[in-house]
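*Asks:* You'll find protein.cif just under this line, and it carries mmCIF, N, CA and C atoms.
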data_run
#
loop_
_atom_site.label_atom_id
_atom_site.label_comp_id
_atom_site.auth_asym_id
_atom_site.auth_seq_id
_atom_site.Cartn_x
_atom_site.Cartn_y
_atom_site.Cartn_z
N MET A 1 15.52 -13.13 4.80
CA MET A 1 15.87 -13.17 3.39
C MET A 1 15.15 -14.33 2.69
N HIS A 2 14.88 -15.39 3.44
CA HIS A 2 14.18 -16.54 2.88
C HIS A 2 12.81 -16.13 2.32
N THR A 3 12.10 -15.29 3.06
CA THR A 3 10.78 -14.84 2.63
C THR A 3 10.87 -14.03 1.34
N ILE A 4 11.85 -13.16 1.25
CA ILE A 4 12.02 -12.33 0.05
C ILE A 4 12.36 -13.21 -1.16
N ARG A 5 13.23 -14.19 -0.96
CA ARG A 5 13.55 -15.11 -2.06
C ARG A 5 12.30 -15.85 -2.53
N ASN A 6 11.50 -16.30 -1.58
CA ASN A 6 10.25 -16.99 -1.95
C ASN A 6 9.30 -16.07 -2.70
N MET A 7 9.25 -14.81 -2.30
CA MET A 7 8.38 -13.85 -3.00
C MET A 7 8.82 -13.71 -4.45
N PHE A 8 10.13 -13.66 -4.70
CA PHE A 8 10.60 -13.52 -6.07
C PHE A 8 10.42 -14.81 -6.86
N LYS A 9 10.47 -15.95 -6.20
CA LYS A 9 10.14 -17.21 -6.89
C LYS A 9 8.68 -17.20 -7.33
N GLN A 10 7.82 -16.72 -6.45
CA GLN A 10 6.39 -16.62 -6.79
C GLN A 10 6.17 -15.61 -7.92
N LEU A 11 6.91 -14.51 -7.88
CA LEU A 11 6.80 -13.51 -8.94
C LEU A 11 7.16 -14.14 -10.29
N HIS A 12 8.25 -14.90 -10.31
CA HIS A 12 8.66 -15.55 -11.56
C HIS A 12 7.60 -16.56 -12.01
N TRP A 13 7.09 -17.33 -11.08
CA TRP A 13 6.03 -18.29 -11.40
C TRP A 13 4.84 -17.58 -12.03
N ALA A 14 4.41 -16.48 -11.41
CA ALA A 14 3.26 -15.73 -11.93
C ALA A 14 3.56 -15.14 -13.31
N ASN A 15 4.76 -14.59 -13.49
CA ASN A 15 5.12 -14.04 -14.79
C ASN A 15 5.08 -15.11 -15.88
N GLU A 16 5.55 -16.31 -15.54
CA GLU A 16 5.51 -17.39 -16.53
C GLU A 16 4.08 -17.79 -16.86
N ARG A 17 3.20 -17.83 -15.86
CA ARG A 17 1.79 -18.16 -16.12
C ARG A 17 1.14 -17.10 -17.01
N ILE A 18 1.41 -15.84 -16.73
CA ILE A 18 0.85 -14.77 -17.56
C ILE A 18 1.35 -14.90 -18.99
N LEU A 19 2.65 -15.13 -19.15
CA LEU A 19 3.22 -15.28 -20.48
C LEU A 19 2.58 -16.45 -21.22
N GLU A 20 2.41 -17.58 -20.55
CA GLU A 20 1.76 -18.74 -21.18
C GLU A 20 0.35 -18.39 -21.64
N HIS A 21 -0.37 -17.66 -20.81
CA HIS A 21 -1.74 -17.29 -21.19
C HIS A 21 -1.73 -16.33 -22.38
N LEU A 22 -0.81 -15.37 -22.36
CA LEU A 22 -0.76 -14.41 -23.47
C LEU A 22 -0.40 -15.08 -24.79
N LEU A 23 0.30 -16.20 -24.73
CA LEU A 23 0.59 -16.94 -25.96
C LEU A 23 -0.68 -17.42 -26.64
N THR A 24 -1.74 -17.60 -25.86
CA THR A 24 -3.03 -18.01 -26.43
C THR A 24 -3.91 -16.82 -26.75
N GLN A 25 -3.46 -15.63 -26.38
CA GLN A 25 -4.24 -14.40 -26.56
C GLN A 25 -3.41 -13.34 -27.28
N ALA A 26 -2.68 -13.73 -28.30
CA ALA A 26 -1.73 -12.84 -28.96
C ALA A 26 -2.37 -11.55 -29.47
N ASP A 27 -3.66 -11.56 -29.71
CA ASP A 27 -4.32 -10.37 -30.23
C ASP A 27 -4.79 -9.42 -29.12
N ASN A 28 -4.55 -9.77 -27.87
CA ASN A 28 -4.97 -8.94 -26.75
C ASN A 28 -3.89 -7.90 -26.47
N LYS A 29 -3.92 -6.82 -27.22
CA LYS A 29 -2.88 -5.78 -27.14
C LYS A 29 -2.87 -5.08 -25.79
N GLN A 30 -4.04 -4.90 -25.19
CA GLN A 30 -4.09 -4.21 -23.90
C GLN A 30 -3.39 -5.04 -22.81
N ALA A 31 -3.64 -6.33 -22.78
CA ALA A 31 -2.99 -7.20 -21.80
C ALA A 31 -1.48 -7.25 -22.04
N MET A 32 -1.09 -7.32 -23.31
CA MET A 32 0.33 -7.35 -23.66
C MET A 32 1.03 -6.06 -23.21
N ARG A 33 0.38 -4.95 -23.44
CA ARG A 33 0.96 -3.66 -23.06
C ARG A 33 1.12 -3.57 -21.55
N LEU A 34 0.13 -4.02 -20.80
CA LEU A 34 0.20 -3.97 -19.35
C LEU A 34 1.28 -4.92 -18.82
N PHE A 35 1.37 -6.11 -19.38
CA PHE A 35 2.40 -7.06 -18.94
C PHE A 35 3.79 -6.53 -19.24
N ALA A 36 3.98 -5.94 -20.41
CA ALA A 36 5.28 -5.35 -20.75
C ALA A 36 5.62 -4.23 -19.77
N HIS A 37 4.63 -3.45 -19.38
CA HIS A 37 4.84 -2.38 -18.39
C HIS A 37 5.31 -2.98 -17.06
N ILE A 38 4.66 -4.03 -16.62
CA ILE A 38 5.04 -4.68 -15.35
C ILE A 38 6.47 -5.20 -15.43
N LEU A 39 6.82 -5.86 -16.52
CA LEU A 39 8.16 -6.42 -16.67
C LEU A 39 9.23 -5.32 -16.73
N HIS A 40 8.92 -4.22 -17.41
CA HIS A 40 9.88 -3.12 -17.47
C HIS A 40 9.99 -2.43 -16.11
N SER A 41 8.92 -2.41 -15.35
CA SER A 41 8.98 -1.86 -13.99
C SER A 41 9.87 -2.72 -13.11
N GLU A 42 9.75 -4.05 -13.25
CA GLU A 42 10.64 -4.95 -12.51
C GLU A 42 12.10 -4.68 -12.89
N LYS A 43 12.35 -4.52 -14.18
CA LYS A 43 13.71 -4.25 -14.65
C LYS A 43 14.22 -2.93 -14.09
N THR A 44 13.34 -1.93 -14.03
CA THR A 44 13.71 -0.63 -13.48
C THR A 44 14.13 -0.77 -12.02
N TRP A 45 13.36 -1.50 -11.23
CA TRP A 45 13.70 -1.67 -9.82
C TRP A 45 15.01 -2.42 -9.65
N PHE A 46 15.26 -3.44 -10.45
CA PHE A 46 16.53 -4.15 -10.35
C PHE A 46 17.69 -3.22 -10.68
N THR A 47 17.51 -2.43 -11.72
CA THR A 47 18.56 -1.49 -12.12
C THR A 47 18.86 -0.51 -11.00
N ARG A 48 17.83 0.00 -10.35
CA ARG A 48 18.01 0.92 -9.22
C ARG A 48 18.67 0.22 -8.03
N LEU A 49 18.26 -1.01 -7.73
CA LEU A 49 18.89 -1.76 -6.64
C LEU A 49 20.37 -1.98 -6.90
N SER A 50 20.73 -2.07 -8.17
CA SER A 50 22.13 -2.27 -8.56
C SER A 50 22.92 -0.98 -8.56
N GLY A 51 22.26 0.14 -8.23
CA GLY A 51 22.94 1.43 -8.17
C GLY A 51 23.16 2.08 -9.52
N ARG A 52 22.42 1.65 -10.52
CA ARG A 52 22.58 2.21 -11.86
C ARG A 52 21.39 3.09 -12.22
N ASP A 53 21.61 3.96 -13.17
CA ASP A 53 20.57 4.87 -13.65
C ASP A 53 19.54 4.08 -14.46
N SER A 54 18.27 4.29 -14.16
CA SER A 54 17.20 3.58 -14.86
C SER A 54 16.40 4.47 -15.79
N SER A 55 16.84 5.70 -15.97
CA SER A 55 16.04 6.65 -16.75
C SER A 55 15.91 6.26 -18.22
N HIS A 56 16.76 5.38 -18.70
CA HIS A 56 16.70 4.96 -20.11
C HIS A 56 15.68 3.84 -20.36
N ILE A 57 15.15 3.27 -19.29
CA ILE A 57 14.21 2.15 -19.43
C ILE A 57 12.80 2.69 -19.61
N PRO A 58 12.17 2.42 -20.74
CA PRO A 58 10.80 2.90 -20.95
C PRO A 58 9.81 2.12 -20.08
N LEU A 59 8.92 2.83 -19.41
CA LEU A 59 7.95 2.15 -18.56
C LEU A 59 6.72 1.68 -19.34
N TRP A 60 6.47 2.28 -20.48
CA TRP A 60 5.35 1.85 -21.34
C TRP A 60 5.91 1.54 -22.73
N PRO A 61 6.66 0.43 -22.84
CA PRO A 61 7.32 0.11 -24.11
C PRO A 61 6.37 -0.52 -25.12
N ASP A 62 6.79 -0.47 -26.37
CA ASP A 62 6.13 -1.27 -27.41
C ASP A 62 6.85 -2.61 -27.40
N ALA A 63 6.21 -3.62 -26.85
CA ALA A 63 6.85 -4.92 -26.70
C ALA A 63 5.94 -6.01 -27.25
N ASP A 64 6.56 -7.05 -27.76
CA ASP A 64 5.79 -8.20 -28.23
C ASP A 64 6.06 -9.39 -27.30
N LEU A 65 5.50 -10.54 -27.65
CA LEU A 65 5.65 -11.72 -26.79
C LEU A 65 7.10 -12.15 -26.62
N SER A 66 7.90 -12.03 -27.67
CA SER A 66 9.30 -12.43 -27.54
C SER A 66 10.05 -11.49 -26.59
N ASP A 67 9.72 -10.19 -26.63
CA ASP A 67 10.32 -9.24 -25.69
C ASP A 67 9.92 -9.59 -24.26
N CYS A 68 8.65 -9.90 -24.06
CA CYS A 68 8.17 -10.24 -22.73
C CYS A 68 8.82 -11.53 -22.23
N SER A 69 8.94 -12.51 -23.09
CA SER A 69 9.57 -13.77 -22.71
C SER A 69 11.02 -13.54 -22.29
N ARG A 70 11.73 -12.74 -23.06
CA ARG A 70 13.12 -12.43 -22.73
C ARG A 70 13.20 -11.73 -21.38
N LEU A 71 12.31 -10.77 -21.14
CA LEU A 71 12.33 -10.02 -19.88
C LEU A 71 11.96 -10.89 -18.68
N VAL A 72 11.03 -11.82 -18.85
CA VAL A 72 10.70 -12.74 -17.76
C VAL A 72 11.96 -13.48 -17.33
N ASP A 73 12.70 -14.01 -18.30
CA ASP A 73 13.93 -14.75 -17.99
C ASP A 73 15.02 -13.84 -17.44
N GLU A 74 15.19 -12.68 -18.07
CA GLU A 74 16.23 -11.74 -17.65
C GLU A 74 15.97 -11.22 -16.23
N ASN A 75 14.74 -10.83 -15.95
CA ASN A 75 14.42 -10.32 -14.61
C ASN A 75 14.63 -11.41 -13.56
N ASN A 76 14.20 -12.63 -13.87
CA ASN A 76 14.39 -13.72 -12.92
C ASN A 76 15.87 -13.97 -12.66
N ALA A 77 16.67 -14.01 -13.70
CA ALA A 77 18.11 -14.24 -13.53
C ALA A 77 18.74 -13.12 -12.71
N ASN A 78 18.38 -11.88 -13.00
CA ASN A 78 18.95 -10.75 -12.28
C ASN A 78 18.59 -10.76 -10.80
N PHE A 79 17.31 -10.95 -10.50
CA PHE A 79 16.89 -10.95 -9.10
C PHE A 79 17.42 -12.18 -8.37
N SER A 80 17.48 -13.33 -9.02
CA SER A 80 18.03 -14.53 -8.39
C SER A 80 19.50 -14.32 -8.01
N ALA A 81 20.26 -13.75 -8.93
CA ALA A 81 21.67 -13.48 -8.64
C ALA A 81 21.81 -12.45 -7.53
N TYR A 82 20.98 -11.42 -7.57
CA TYR A 82 21.04 -10.36 -6.56
C TYR A 82 20.73 -10.91 -5.17
N LEU A 83 19.77 -11.82 -5.09
CA LEU A 83 19.33 -12.34 -3.79
C LEU A 83 20.12 -13.57 -3.34
N SER A 84 21.09 -14.00 -4.11
CA SER A 84 21.81 -15.23 -3.77
C SER A 84 22.96 -15.01 -2.79
N TYR A 85 23.31 -13.76 -2.52
CA TYR A 85 24.45 -13.53 -1.62
C TYR A 85 24.12 -13.86 -0.19
#
What would you get if you wrote out this structure as structure tokens?
*Replies:*
Amino acid sequence: MHTIRNMFKQLHWANERILEHLLTQADNKQAMRLFAHILHSEKTWFTRLSGRDSSHIPLWPDADLSDCSRLVDENNANFSAYLSY
């Protein structure tokens, strides 16, 4: 379990680095769209791990930097809580 926790810490670290870079590249719509897709995919997997239906989560959302920032924090909190048992 230690290895899995470390992998999710690295995932959060990487997501934060990507978000920081996108803050300097706000006009890069393609990168923003791909990052939002990745974050929504993470949210989808957490939802499924929790035994809930994920069909309502769009995999290719229209998201901006504030949405991505919120999801980085939300996904990290969810996975941290899930892996803390």
*Asks:* Would you compute the distance between CA of Asp67 in chain A and atom N of Phe46 in chain A? Give it in Å to one decimal.
*Replies:*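 Taking CA of Asp67 in chain A as the start and atom N of Phe46 in chain A as the end point, the length is 17.0 Å.
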*Asks:* Check the DSSP output for the backbone and give back, as a compact mmCIF listing (two decimals) with N, CA and C atoms, in the frame of the given file, the residues of chain A in helix (DSSP H, G or I).
*Replies:*
# COMPACT_ATOMS: atom_id res chain seq x y z
N HIS A 2 14.88 -15.39 3.44
CA HIS A 2 14.18 -16.54 2.88
C HIS A 2 12.81 -16.13 2.32
N THR A 3 12.10 -15.29 3.06
CA THR A 3 10.78 -14.84 2.63
C THR A 3 10.87 -14.03 1.34
N ILE A 4 11.85 -13.16 1.25
CA ILE A 4 12.02 -12.33 0.05
C ILE A 4 12.36 -13.21 -1.16
N ARG A 5 13.23 -14.19 -0.96
CA ARG A 5 13.55 -15.11 -2.06
C ARG A 5 12.30 -15.85 -2.53
N ASN A 6 11.50 -16.30 -1.58
CA ASN A 6 10.25 -16.99 -1.95
C ASN A 6 9.30 -16.07 -2.70
N MET A 7 9.25 -14.81 -2.30
CA MET A 7 8.38 -13.85 -3.00
C MET A 7 8.82 -13.71 -4.45
N PHE A 8 10.13 -13.66 -4.70
CA PHE A 8 10.60 -13.52 -6.07
C PHE A 8 10.42 -14.81 -6.86
N LYS A 9 10.47 -15.95 -6.20
CA LYS A 9 10.14 -17.21 -6.89
C LYS A 9 8.68 -17.20 -7.33
N GLN A 10 7.82 -16.72 -6.45
CA GLN A 10 6.39 -16.62 -6.79
C GLN A 10 6.17 -15.61 -7.92
N LEU A 11 6.91 -14.51 -7.88
CA LEU A 11 6.80 -13.51 -8.94
C LEU A 11 7.16 -14.14 -10.29
N HIS A 12 8.25 -14.90 -10.31
CA HIS A 12 8.66 -15.55 -11.56
C HIS A 12 7.60 -16.56 -12.01
N TRP A 13 7.09 -17.33 -11.08
CA TRP A 13 6.03 -18.29 -11.40
C TRP A 13 4.84 -17.58 -12.03
N ALA A 14 4.41 -16.48 -11.41
CA ALA A 14 3.26 -15.73 -11.93
C ALA A 14 3.56 -15.14 -13.31
N ASN A 15 4.76 -14.59 -13.49
CA ASN A 15 5.12 -14.04 -14.79
C ASN A 15 5.08 -15.11 -15.88
N GLU A 16 5.55 -16.31 -15.54
CA GLU A 16 5.51 -17.39 -16.53
C GLU A 16 4.08 -17.79 -16.86
N ARG A 17 3.20 -17.83 -15.86
CA ARG A 17 1.79 -18.16 -16.12
C ARG A 17 1.14 -17.10 -17.01
N ILE A 18 1.41 -15.84 -16.73
CA ILE A 18 0.85 -14.77 -17.56
C ILE A 18 1.35 -14.90 -18.99
N LEU A 19 2.65 -15.13 -19.15
CA LEU A 19 3.22 -15.28 -20.48
C LEU A 19 2.58 -16.45 -21.22
N GLU A 20 2.41 -17.58 -20.55
CA GLU A 20 1.76 -18.74 -21.18
C GLU A 20 0.35 -18.39 -21.64
N HIS A 21 -0.37 -17.66 -20.81
CA HIS A 21 -1.74 -17.29 -21.19
C HIS A 21 -1.73 -16.33 -22.38
N LEU A 22 -0.81 -15.37 -22.36
CA LEU A 22 -0.76 -14.41 -23.47
C LEU A 22 -0.40 -15.08 -24.79
N LEU A 23 0.30 -16.20 -24.73
CA LEU A 23 0.59 -16.94 -25.96
C LEU A 23 -0.68 -17.42 -26.64
N LYS A 29 -3.92 -6.82 -27.22
CA LYS A 29 -2.88 -5.78 -27.14
C LYS A 29 -2.87 -5.08 -25.79
N GLN A 30 -4.04 -4.90 -25.19
CA GLN A 30 -4.09 -4.21 -23.90
C GLN A 30 -3.39 -5.04 -22.81
N ALA A 31 -3.64 -6.33 -22.78
CA ALA A 31 -2.99 -7.20 -21.80
C ALA A 31 -1.48 -7.25 -22.04
N MET A 32 -1.09 -7.32 -23.31
CA MET A 32 0.33 -7.35 -23.66
C MET A 32 1.03 -6.06 -23.21
N ARG A 33 0.38 -4.95 -23.44
CA ARG A 33 0.96 -3.66 -23.06
C ARG A 33 1.12 -3.57 -21.55
N LEU A 34 0.13 -4.02 -20.80
CA LEU A 34 0.20 -3.97 -19.35
C LEU A 34 1.28 -4.92 -18.82
N PHE A 35 1.37 -6.11 -19.38
CA PHE A 35 2.40 -7.06 -18.94
C PHE A 35 3.79 -6.53 -19.24
N ALA A 36 3.98 -5.94 -20.41
CA ALA A 36 5.28 -5.35 -20.75
C ALA A 36 5.62 -4.23 -19.77
N HIS A 37 4.63 -3.45 -19.38
CA HIS A 37 4.84 -2.38 -18.39
C HIS A 37 5.31 -2.98 -17.06
N ILE A 38 4.66 -4.03 -16.62
CA ILE A 38 5.04 -4.68 -15.35
C ILE A 38 6.47 -5.20 -15.43
N LEU A 39 6.82 -5.86 -16.52
CA LEU A 39 8.16 -6.42 -16.67
C LEU A 39 9.23 -5.32 -16.73
N HIS A 40 8.92 -4.22 -17.41
CA HIS A 40 9.88 -3.12 -17.47
C HIS A 40 9.99 -2.43 -16.11
N SER A 41 8.92 -2.41 -15.35
CA SER A 41 8.98 -1.86 -13.99
C SER A 41 9.87 -2.72 -13.11
N GLU A 42 9.75 -4.05 -13.25
CA GLU A 42 10.64 -4.95 -12.51
C GLU A 42 12.10 -4.68 -12.89
N LYS A 43 12.35 -4.52 -14.18
CA LYS A 43 13.71 -4.25 -14.65
C LYS A 43 14.22 -2.93 -14.09
N THR A 44 13.34 -1.93 -14.03
CA THR A 44 13.71 -0.63 -13.48
C THR A 44 14.13 -0.77 -12.02
N TRP A 45 13.36 -1.50 -11.23
CA TRP A 45 13.70 -1.67 -9.82
C TRP A 45 15.01 -2.42 -9.65
N PHE A 46 15.26 -3.44 -10.45
CA PHE A 46 16.53 -4.15 -10.35
C PHE A 46 17.69 -3.22 -10.68
N THR A 47 17.51 -2.43 -11.72
CA THR A 47 18.56 -1.49 -12.12
C THR A 47 18.86 -0.51 -11.00
N ARG A 48 17.83 0.00 -10.35
CA ARG A 48 18.01 0.92 -9.22
C ARG A 48 18.67 0.22 -8.03
N LEU A 49 18.26 -1.01 -7.73
CA LEU A 49 18.89 -1.76 -6.64
C LEU A 49 20.37 -1.98 -6.90
N LEU A 65 5.50 -10.54 -27.65
CA LEU A 65 5.65 -11.72 -26.79
C LEU A 65 7.10 -12.15 -26.62
N SER A 66 7.90 -12.03 -27.67
CA SER A 66 9.30 -12.43 -27.54
C SER A 66 10.05 -11.49 -26.59
N ASP A 67 9.72 -10.19 -26.63
CA ASP A 67 10.32 -9.24 -25.69
C ASP A 67 9.92 -9.59 -24.26
N CYS A 68 8.65 -9.90 -24.06
CA CYS A 68 8.17 -10.24 -22.73
C CYS A 68 8.82 -11.53 -22.23
N SER A 69 8.94 -12.51 -23.09
CA SER A 69 9.57 -13.77 -22.71
C SER A 69 11.02 -13.54 -22.29
N ARG A 70 11.73 -12.74 -23.06
CA ARG A 70 13.12 -12.43 -22.73
C ARG A 70 13.20 -11.73 -21.38
N LEU A 71 12.31 -10.77 -21.14
CA LEU A 71 12.33 -10.02 -19.88
C LEU A 71 11.96 -10.89 -18.68
N VAL A 72 11.03 -11.82 -18.85
CA VAL A 72 10.70 -12.74 -17.76
C VAL A 72 11.96 -13.48 -17.33
N ASP A 73 12.70 -14.01 -18.30
CA ASP A 73 13.93 -14.75 -17.99
C ASP A 73 15.02 -13.84 -17.44
N GLU A 74 15.19 -12.68 -18.07
CA GLU A 74 16.23 -11.74 -17.65
C GLU A 74 15.97 -11.22 -16.23
N ASN A 75 14.74 -10.83 -15.95
CA ASN A 75 14.42 -10.32 -14.61
C ASN A 75 14.63 -11.41 -13.56
N ASN A 76 14.20 -12.63 -13.87
CA ASN A 76 14.39 -13.72 -12.92
C ASN A 76 15.87 -13.97 -12.66
N ALA A 77 16.67 -14.01 -13.70
CA ALA A 77 18.11 -14.24 -13.53
C ALA A 77 18.74 -13.12 -12.71
N ASN A 78 18.38 -11.88 -13.00
CA ASN A 78 18.95 -10.75 -12.28
C ASN A 78 18.59 -10.76 -10.80
N PHE A 79 17.31 -10.95 -10.50
CA PHE A 79 16.89 -10.95 -9.10
C PHE A 79 17.42 -12.18 -8.37
N SER A 80 17.48 -13.33 -9.02
CA SER A 80 18.03 -14.53 -8.39
C SER A 80 19.50 -14.32 -8.01
N ALA A 81 20.26 -13.75 -8.93
CA ALA A 81 21.67 -13.48 -8.64
C ALA A 81 21.81 -12.45 -7.53
N TYR A 82 20.98 -11.42 -7.57
CA TYR A 82 21.04 -10.36 -6.56
C TYR A 82 20.73 -10.91 -5.17
N LEU A 83 19.77 -11.82 -5.09
CA LEU A 83 19.33 -12.34 -3.79
C LEU A 83 20.12 -13.57 -3.34
*Asks:* Given 6 Å of margin on each side, can you work out the centre and size in Å (one decimal) of an axis-aligned box holding every listed atom of range 44-48 of chain A, as JSON?
*Replies:*
{"center_x": 16.1, "center_y": -1.6, "center_z": -11.0, "size_x": 17.5, "size_y": 17.1, "size_z": 18.0}
*Asks:* To one decimal place in Å, what is the distance between atom N of Asp27 in chain A and atom C of Met7 in chain A?
*Replies:*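 These two atoms are separated by 28.3 Å.
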*Asks:* Work out how far apart CA of Ala26 in chain A and CA of Thr44 in chain A are and give it in Å to one decimal.
*Replies:* 25.0 Å
*Asks:* With a distance cut-off of 12 Å and only C-alpha atoms, select the neighbouring residues of Ala14 in chain A, excluding the residue or stretch itself and same-chain residues fewer than 5 positions from it, and output the selection as a PyMOL selection string.
*Replies:* chain A and resi 7-9+19-21+35+38-39+72+76
*Asks:* Need to verify the contact set: Asp64 in chain A, 8 Å, all atoms listed in the file, exclusion of same-chain residues closer than 3 positions in sequence. Can you return it as a ChimeraX atom specification?
*Replies:* /A:32-33,36,61,67-70
